[in-house]
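Asker: Next up is a structure, given as structure tokens.
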Amino acid sequence: MRRPIAVALLLSVLEAGGARAQGGAGGSLAEAAERVRQAWLAHNVEAIVGHGPSVVLQIPGADPSAPVDRAQALELLRRHLRGGTERRLTVSAVREVEPERGYAELERRYVVAGTSDERRETLFLGFRKSGDEWVLTELRSAP
């Protein structure tokens with residue numbers, strides 16, 4: 001009796017995973033912003049940056065004048081996120097500004113390690129559409 005239930009459960013999990021894998025990277029600009037939001041909350045820098053070859057970062061500790069390659073972006077974001085504990089992160093705006101280019105705005109509330117003061121930060125995310133996927137090309141931080 002337990003074996004058929006376990007097999008059915010396993011098959012349903014595999015089907016759901018397959019559906020996510022097929023549609024996971026594509027989708028709308030709002031879905032791309034939500035994926036970055038969830039990755040930020042988890043401090044998953046690989047998922048934040050995605051698979052793009054480079055990204056413009058304007059965060060404390062990064063030179064905002066030029067795009068950085070993926071490996072450097074991962075390290076800079078890792079350092080930026082290391083000292084903070086997320087309190088809240090919400091998507092406050094999503095706009096496609098021209099065909100295949102869009103942006104999202106996230107409102108972040110966090111606490112720096114060793115303090116109890118809540119800080120606020122606005123994150124501006126720039127995206128470019130590549131095929132059916134929105135790719136992060138720019139991440140800017142403003143207090």
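Each chain of the structure tokens is named A, B, ... in the order shown, its residues numbered from 1; ligands are numbered from 1 in display order.
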Find the nearest atom pair between each residue of region 48-78 of chain A and region 128-137 of chain A for residues within 12 Å, count only C-alpha atoms, give distances in Å to one decimal, sort rows by chain and ascending number, and present the table as JSON lines.
Answerer:
{"residue": "A:Ile48", "atom": "CA", "partner": "A:Leu136", "partner_atom": "CA", "distance": 8.0}
{"residue": "A:Val49", "atom": "CA", "partner": "A:Leu136", "partner_atom": "CA", "distance": 6.4}
{"residue": "A:Gly50", "atom": "CA", "partner": "A:Leu136", "partner_atom": "CA", "distance": 6.9}
{"residue": "A:His51", "atom": "CA", "partner": "A:Val135", "partner_atom": "CA", "distance": 7.5}
{"residue": "A:Gly52", "atom": "CA", "partner": "A:Val135", "partner_atom": "CA", "distance": 6.3}
{"residue": "A:Pro53", "atom": "CA", "partner": "A:Thr137", "partner_atom": "CA", "distance": 8.9}
{"residue": "A:Ser54", "atom": "CA", "partner": "A:Thr137", "partner_atom": "CA", "distance": 6.9}
{"residue": "A:Val55", "atom": "CA", "partner": "A:Thr137", "partner_atom": "CA", "distance": 4.6}
{"residue": "A:Val56", "atom": "CA", "partner": "A:Thr137", "partner_atom": "CA", "distance": 6.2}
{"residue": "A:Leu57", "atom": "CA", "partner": "A:Thr137", "partner_atom": "CA", "distance": 8.7}
{"residue": "A:Gln58", "atom": "CA", "partner": "A:Thr137", "partner_atom": "CA", "distance": 11.6}
{"residue": "A:Ala66", "atom": "CA", "partner": "A:Thr137", "partner_atom": "CA", "distance": 11.4}
{"residue": "A:Pro67", "atom": "CA", "partner": "A:Thr137", "partner_atom": "CA", "distance": 8.5}
{"residue": "A:Val68", "atom": "CA", "partner": "A:Thr137", "partner_atom": "CA", "distance": 10.1}
{"residue": "A:Asp69", "atom": "CA", "partner": "A:Thr137", "partner_atom": "CA", "distance": 10.7}
{"residue": "A:Arg70", "atom": "CA", "partner": "A:Thr137", "partner_atom": "CA", "distance": 10.4}
{"residue": "A:Ala73", "atom": "CA", "partner": "A:Thr137", "partner_atom": "CA", "distance": 10.9}
Asker: Among the residues of region 1-142 of chain A, find those DSSP assigns to strand (DSSP E or B) from the backbone and print them as a PyMOL selection string.
Answerer: chain A and resi 54-58+68-69+84-98+101-112+118-130+133-142
Asker: Per residue of region 32-53 of chain A within 12 Å of region 94-109 of chain A, what are the shortest atom pair and its distance in Å to one decimal, counting only C-alpha atoms, with rows by chain and residue number, as CSV?
Answerer:
residue,atom,partner,partner_atom,distance
A:Ala32,CA,A:Ala104,CA,9.0
A:Ala33,CA,A:Ala104,CA,6.2
A:Glu34,CA,A:Ala104,CA,9.3
A:Arg35,CA,A:Ala104,CA,11.5
A:Val36,CA,A:Leu106,CA,9.6
A:Arg37,CA,A:Leu106,CA,7.6
A:Gln38,CA,A:Leu106,CA,11.2
A:Trp40,CA,A:Arg108,CA,9.8
A:Leu41,CA,A:Arg108,CA,9.6
Asker: For the residues in that selection, give me C-alpha atoms as a short mmCIF file (atom, residue, chain, number, x, y, z; two decimals), in the first residue's frame.
Answerer:
data_model
loop_
_atom_site.label_atom_id
_atom_site.label_comp_id
_atom_site.auth_asym_id
_atom_site.auth_seq_id
_atom_site.Cartn_x
_atom_site.Cartn_y
_atom_site.Cartn_z
CA ALA A 32 12.23 37.62 -13.70
CA ALA A 33 12.08 40.35 -11.03
CA GLU A 34 10.42 37.91 -8.62
CA ARG A 35 13.15 35.32 -9.25
CA VAL A 36 15.82 37.91 -8.41
CA ARG A 37 13.85 38.92 -5.30
CA GLN A 38 13.68 35.34 -4.07
CA TRP A 40 18.29 37.97 -2.96
CA LEU A 41 16.32 36.85 0.10
#
Asker: Could you tell me which of A:Glu121, A:Ala42, A:Ser92, A:Ile59 comes closest to Leu77 (chain A) if we count only C-alpha atoms?
Answerer: A:Ile59
Asker: For CA of Ala113 (chain A) and CA of Gly83 (chain A), quote the distance in Å rounded to one decimal.
Answerer: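 Computing it gives 5.3 Å between the two atoms.
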Asker: From the DSSP assignment of the backbone, select every residue of chain A that is helix (DSSP H, G or I), and format the answer as a ChimeraX atom specification.
Answerer: /A:2-23,29-41,45-49,70-82
Asker: Which residue, A:Val111, A:Asp117, A:Leu123, A:Asn44, has the smallest gap to Thr90 (chain A) when you use only C-alpha atoms?
Answerer: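 Answer, going by the shortest atom-to-atom distance: A:Leu123.
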Asker: Separation of CA of Glu118 (chain A) and CA of Pro60 (chain A), in Å?
Answerer: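 Distance between the two atoms: 17.5 Å.
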Asker: Using only C-alpha atoms, which protein or nucleic acid residues come within 9 Å of Gly61 (chain A)? Drop anything in the same chain fewer than 6 positions from it, and give the result as JSON, numbers by chain.
Answerer: {"A": [76, 79, 80]}
